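Heads up: the structure comes next, in C-alpha cells.
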Amino acid sequence: MPLPTTAEPRRRALLRDEVFGRLRDAIVDGTLSPGEQLRDADVATWLGVSRTPVREAVLRLGEAGLVHAEPGRSTTVAHLDPAAVADARAVVAAMHRLAVAEAVERLSVADLETMRTAHERFEAAVATGDVVAALDADDAFHAVPVVVAGNRAVAAVLDQYTPVVRRLERARFGSSEAHSSVDLHVRLLDLCEAGDAEGAAGVAFRTWQSLGS
C-alpha cells in the first residue's frame, strides 16, 4: 500500500507538541500546581483542542515525570521529587557534554553566531529579570550544539528529561544565580570558537550539573 500523501499526520504531530509544550510550561511556572488534577476534557477546552493531543501530551509528561497517572483513575501534576530531579539533572548534563564534544569541530561561523545572538538575548533577559525570555534564549543557545552533533539518541534523551529540570532552571534564572549562567555561556562560547572540544564539553556539563546545587 503506498504511503498516504495527506499532510494531516504532520499537523497532528505539531499540535501534540504544542499541547505538550503548553502543559509543560504551565507545570514549570506554577500555573498548574503539584497535586492538581488534570482532566482531559478540561485541558482540551482550555487549550482549544480535542482530547486526543491532550492524552498524547499527558503520556509524554508522565514519561518525563511531570505528571502522575493512575490507570482508570486520575492524572495529577507530580510533586517535585528531589531524587528524580537529581537523576534527570545528571542525565541532561551528561547528554549536553556529549553533544558539545561531538559538535565543536563541526560548528560553522553561522552556528557560532546563532549561539552568540541567543546568549545576548539571554543576558538581556537576565538583566531585566524576564525569566520566560531567559528560558527561551537558553534553550536556543544550547540547542545549537545538540542539533549540530546530530546524535538522535542524545536528542531523544534530552527531550524526555529536560522538562524535569525546567523547574530548577526557572528558579535559577529568577535569582542572583542567573549571572553565573551568563558567565558559563560566555566561557562555553569562547571554547567552542577556539575549537576546544574537551574544555567546552566540560563547561556544558558543569552548566547543567550546577542547577539547583
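A note on labels: chains of the C-alpha cells are A, B, ... as shown, every chain counts residues from 1, and ligands are counted from 1 in their shown order.
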
Determine which residues of region 7-174 of chain A DSSP labels as alpha helix (DSSP H) from the backbone of this structure, then write them out as a PyMOL selection string. chain A and resi 8-28+40-47+51-64+82-103+109-128+131-149+152-173

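Of the residues listed (A:Glu36, A:Asp81, A:Glu70, A:Glu102), A:Glu102 shows the shortest atom-to-atom separation from Ala197 (chain A); distances use only C-alpha atoms.
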
Go through A:Trp46, A:Tyr161, A:Phe173, A:Phe205 and flag the residue nearest Ala137 (chain A), using only C-alpha atoms for the distances. A:Phe173

Excluding region 107-117 of chain A and any residue of its chain fewer than 3 positions from it, enumerate the residues within 12 Å of it, using only C-alpha atoms, and give them as a PDB file with N, CA and C atoms, in the first residue's frame.
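Contents of the output file out.pdb:
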```
ATOM      1  N   ALA A  99      26.978  16.010  23.487  1.00  0.00           N
ATOM      2  CA  ALA A  99      26.600  16.767  22.291  1.00  0.00           C
ATOM      3  C   ALA A  99      27.648  17.818  21.950  1.00  0.00           C
ATOM      4  N   VAL A 100      28.110  18.542  22.952  1.00  0.00           N
ATOM      5  CA  VAL A 100      29.103  19.581  22.702  1.00  0.00           C
ATOM      6  C   VAL A 100      30.420  18.969  22.228  1.00  0.00           C
ATOM      7  N   ALA A 101      30.831  17.874  22.861  1.00  0.00           N
ATOM      8  CA  ALA A 101      32.074  17.216  22.459  1.00  0.00           C
ATOM      9  C   ALA A 101      32.020  16.794  20.992  1.00  0.00           C
ATOM     10  N   GLU A 102      30.856  16.335  20.542  1.00  0.00           N
ATOM     11  CA  GLU A 102      30.709  15.887  19.158  1.00  0.00           C
ATOM     12  C   GLU A 102      30.533  17.045  18.191  1.00  0.00           C
ATOM     13  N   ALA A 103      30.022  18.181  18.689  1.00  0.00           N
ATOM     14  CA  ALA A 103      29.651  19.275  17.796  1.00  0.00           C
ATOM     15  C   ALA A 103      30.759  20.290  17.542  1.00  0.00           C
ATOM     16  N   VAL A 104      31.662  20.491  18.491  1.00  0.00           N
ATOM     17  CA  VAL A 104      32.608  21.609  18.414  1.00  0.00           C
ATOM     18  C   VAL A 104      33.329  21.701  17.070  1.00  0.00           C
ATOM     19  N   GLU A 120      23.178  36.758  23.843  1.00  0.00           N
ATOM     20  CA  GLU A 120      22.882  38.177  24.062  1.00  0.00           C
ATOM     21  C   GLU A 120      21.442  38.362  24.526  1.00  0.00           C
ATOM     22  N   ARG A 121      20.522  37.591  23.936  1.00  0.00           N
ATOM     23  CA  ARG A 121      19.131  37.643  24.387  1.00  0.00           C
ATOM     24  C   ARG A 121      19.013  37.143  25.818  1.00  0.00           C
ATOM     25  N   PHE A 122      19.762  36.089  26.131  1.00  0.00           N
ATOM     26  CA  PHE A 122      19.737  35.538  27.485  1.00  0.00           C
ATOM     27  C   PHE A 122      20.262  36.557  28.498  1.00  0.00           C
ATOM     28  N   GLU A 123      21.368  37.176  28.185  1.00  0.00           N
ATOM     29  CA  GLU A 123      21.955  38.158  29.098  1.00  0.00           C
ATOM     30  C   GLU A 123      21.013  39.336  29.323  1.00  0.00           C
ATOM     31  N   ALA A 124      20.359  39.785  28.262  1.00  0.00           N
ATOM     32  CA  ALA A 124      19.413  40.891  28.386  1.00  0.00           C
ATOM     33  C   ALA A 124      18.213  40.487  29.241  1.00  0.00           C
ATOM     34  N   ALA A 137      15.755  31.887  25.511  1.00  0.00           N
ATOM     35  CA  ALA A 137      17.079  32.154  24.946  1.00  0.00           C
ATOM     36  C   ALA A 137      18.075  31.061  25.330  1.00  0.00           C
ATOM     37  N   ASP A 138      17.973  30.556  26.548  1.00  0.00           N
ATOM     38  CA  ASP A 138      18.859  29.484  26.989  1.00  0.00           C
ATOM     39  C   ASP A 138      18.631  28.225  26.157  1.00  0.00           C
ATOM     40  N   ASP A 139      17.374  27.925  25.868  1.00  0.00           N
ATOM     41  CA  ASP A 139      17.046  26.785  25.007  1.00  0.00           C
ATOM     42  C   ASP A 139      17.702  26.946  23.635  1.00  0.00           C
ATOM     43  N   ALA A 140      17.576  28.143  23.069  1.00  0.00           N
ATOM     44  CA  ALA A 140      18.128  28.400  21.747  1.00  0.00           C
ATOM     45  C   ALA A 140      19.649  28.271  21.742  1.00  0.00           C
ATOM     46  N   PHE A 141      20.280  28.733  22.807  1.00  0.00           N
ATOM     47  CA  PHE A 141      21.739  28.679  22.921  1.00  0.00           C
ATOM     48  C   PHE A 141      22.233  27.232  22.951  1.00  0.00           C
ATOM     49  N   HIS A 142      21.665  26.429  23.831  1.00  0.00           N
ATOM     50  CA  HIS A 142      22.131  25.055  23.998  1.00  0.00           C
ATOM     51  C   HIS A 142      21.659  24.126  22.880  1.00  0.00           C
ATOM     52  N   ALA A 143      20.616  24.540  22.156  1.00  0.00           N
ATOM     53  CA  ALA A 143      20.105  23.700  21.074  1.00  0.00           C
ATOM     54  C   ALA A 143      21.079  23.611  19.904  1.00  0.00           C
ATOM     55  N   VAL A 144      21.905  24.640  19.725  1.00  0.00           N
ATOM     56  CA  VAL A 144      22.798  24.663  18.566  1.00  0.00           C
ATOM     57  C   VAL A 144      23.737  23.456  18.544  1.00  0.00           C
ATOM     58  N   PRO A 145      24.544  23.226  19.594  1.00  0.00           N
ATOM     59  CA  PRO A 145      25.419  22.058  19.544  1.00  0.00           C
ATOM     60  C   PRO A 145      24.667  20.734  19.501  1.00  0.00           C
ATOM     61  N   VAL A 146      23.493  20.683  20.116  1.00  0.00           N
ATOM     62  CA  VAL A 146      22.714  19.438  20.072  1.00  0.00           C
ATOM     63  C   VAL A 146      22.308  19.126  18.632  1.00  0.00           C
ATOM     64  N   VAL A 147      21.839  20.140  17.920  1.00  0.00           N
ATOM     65  CA  VAL A 147      21.430  19.951  16.528  1.00  0.00           C
ATOM     66  C   VAL A 147      22.641  19.633  15.651  1.00  0.00           C
ATOM     67  N   VAL A 148      23.733  20.367  15.842  1.00  0.00           N
ATOM     68  CA  VAL A 148      24.927  20.163  15.019  1.00  0.00           C
ATOM     69  C   VAL A 148      25.517  18.774  15.257  1.00  0.00           C
ATOM     70  N   ALA A 149      25.499  18.303  16.491  1.00  0.00           N
ATOM     71  CA  ALA A 149      26.015  16.968  16.792  1.00  0.00           C
ATOM     72  C   ALA A 149      25.268  15.905  16.004  1.00  0.00           C
ATOM     73  N   GLY A 150      23.962  16.096  15.838  1.00  0.00           N
ATOM     74  CA  GLY A 150      23.167  15.174  15.030  1.00  0.00           C
ATOM     75  C   GLY A 150      22.988  13.799  15.641  1.00  0.00           C
ATOM     76  N   VAL A 182      25.213  33.279  32.911  1.00  0.00           N
ATOM     77  CA  VAL A 182      25.720  34.190  31.882  1.00  0.00           C
ATOM     78  C   VAL A 182      27.217  33.945  31.680  1.00  0.00           C
ATOM     79  N   HIS A 185      27.882  30.672  29.880  1.00  0.00           N
ATOM     80  CA  HIS A 185      27.607  30.803  28.450  1.00  0.00           C
ATOM     81  C   HIS A 185      28.811  31.409  27.724  1.00  0.00           C
ATOM     82  N   VAL A 186      29.347  32.467  28.300  1.00  0.00           N
ATOM     83  CA  VAL A 186      30.490  33.152  27.686  1.00  0.00           C
ATOM     84  C   VAL A 186      31.675  32.197  27.568  1.00  0.00           C
ATOM     85  N   ARG A 187      31.938  31.466  28.642  1.00  0.00           N
ATOM     86  CA  ARG A 187      33.053  30.530  28.646  1.00  0.00           C
ATOM     87  C   ARG A 187      32.838  29.421  27.619  1.00  0.00           C
ATOM     88  N   LEU A 188      31.634  28.890  27.554  1.00  0.00           N
ATOM     89  CA  LEU A 188      31.331  27.828  26.599  1.00  0.00           C
ATOM     90  C   LEU A 188      31.494  28.330  25.165  1.00  0.00           C
ATOM     91  N   LEU A 189      30.994  29.507  24.887  1.00  0.00           N
ATOM     92  CA  LEU A 189      31.095  30.065  23.548  1.00  0.00           C
ATOM     93  C   LEU A 189      32.548  30.303  23.162  1.00  0.00           C
ATOM     94  N   ASP A 190      33.336  30.830  24.095  1.00  0.00           N
ATOM     95  CA  ASP A 190      34.752  31.077  23.822  1.00  0.00           C
ATOM     96  C   ASP A 190      35.484  29.777  23.481  1.00  0.00           C
ATOM     97  N   LEU A 191      35.214  28.725  24.237  1.00  0.00           N
ATOM     98  CA  LEU A 191      35.876  27.445  23.998  1.00  0.00           C
ATOM     99  C   LEU A 191      35.424  26.805  22.686  1.00  0.00           C
ATOM    100  N   CYS A 192      34.155  26.978  22.350  1.00  0.00           N
ATOM    101  CA  CYS A 192      33.658  26.471  21.072  1.00  0.00           C
ATOM    102  C   CYS A 192      34.351  27.189  19.914  1.00  0.00           C
ATOM    103  N   GLU A 193      34.482  28.488  20.040  1.00  0.00           N
ATOM    104  CA  GLU A 193      35.144  29.264  18.994  1.00  0.00           C
ATOM    105  C   GLU A 193      36.619  28.885  18.868  1.00  0.00           C
ATOM    106  N   ALA A 194      37.230  28.505  19.987  1.00  0.00           N
ATOM    107  CA  ALA A 194      38.642  28.121  19.982  1.00  0.00           C
ATOM    108  C   ALA A 194      38.839  26.679  19.506  1.00  0.00           C
ATOM    109  N   GLY A 195      37.746  25.945  19.336  1.00  0.00           N
ATOM    110  CA  GLY A 195      37.841  24.563  18.890  1.00  0.00           C
ATOM    111  C   GLY A 195      38.263  23.600  19.983  1.00  0.00           C
ATOM    112  N   ASP A 196      38.101  23.999  21.248  1.00  0.00           N
ATOM    113  CA  ASP A 196      38.489  23.163  22.386  1.00  0.00           C
ATOM    114  C   ASP A 196      37.298  22.292  22.791  1.00  0.00           C
ATOM    115  N   ALA A 197      37.180  21.136  22.149  1.00  0.00           N
ATOM    116  CA  ALA A 197      36.030  20.264  22.383  1.00  0.00           C
ATOM    117  C   ALA A 197      35.970  19.764  23.821  1.00  0.00           C
TER     118      ALA A 197
END
```

I'd like to know which of A:Val19, A:Ile27, A:Ala78, A:Ala88 is closest to Ser50 (chain A), using only C-alpha atoms.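 Going through A:Val19, A:Ile27, A:Ala78, A:Ala88 one by one, the smallest distance to Ser50 (chain A) is for A:Val19.
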
Name all residues at most 9 Å from Thr162 (chain A) (count only C-alpha atoms; drop same-chain ones fewer than 6 positions away) and give them as number ranges by chain. A: 64, 88-89, 91-92

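The shell of residues at most 12 Å from Ser176 (chain A), with only C-alpha atoms counted and near chain neighbours (fewer than 2 positions) removed, consists of Val126, Ala127, Thr128, Gly129, Val131, Arg170, Ala171, Arg172, Phe173, Gly174, Ala178, His179, Ser180, Ser181 and Val182 of chain A.
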
Can you check which residues of region 35-129 of chain A DSSP gives as strand (DSSP E or B) on the backbone and send them as a compact mmCIF listing (two decimals) with C-alpha atoms, in the first residue's frame?
```txt
# COMPACT_ATOMS: atom_id res chain seq x y z
CA GLN A 37 -5.90 17.07 38.86
CA VAL A 67 2.51 14.17 35.94
CA HIS A 68 1.39 11.10 37.84
CA ALA A 69 -1.25 8.93 36.19
CA THR A 75 -3.96 12.22 36.45
CA THR A 76 -2.32 14.82 38.66
CA VAL A 77 0.62 17.21 38.46
```

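With only C-alpha atoms as the atoms that count, the minimum distance from Ser175 (chain A) to the choices A:Val157, A:Ala201, A:Leu32, A:Leu211 is reached by A:Leu211.
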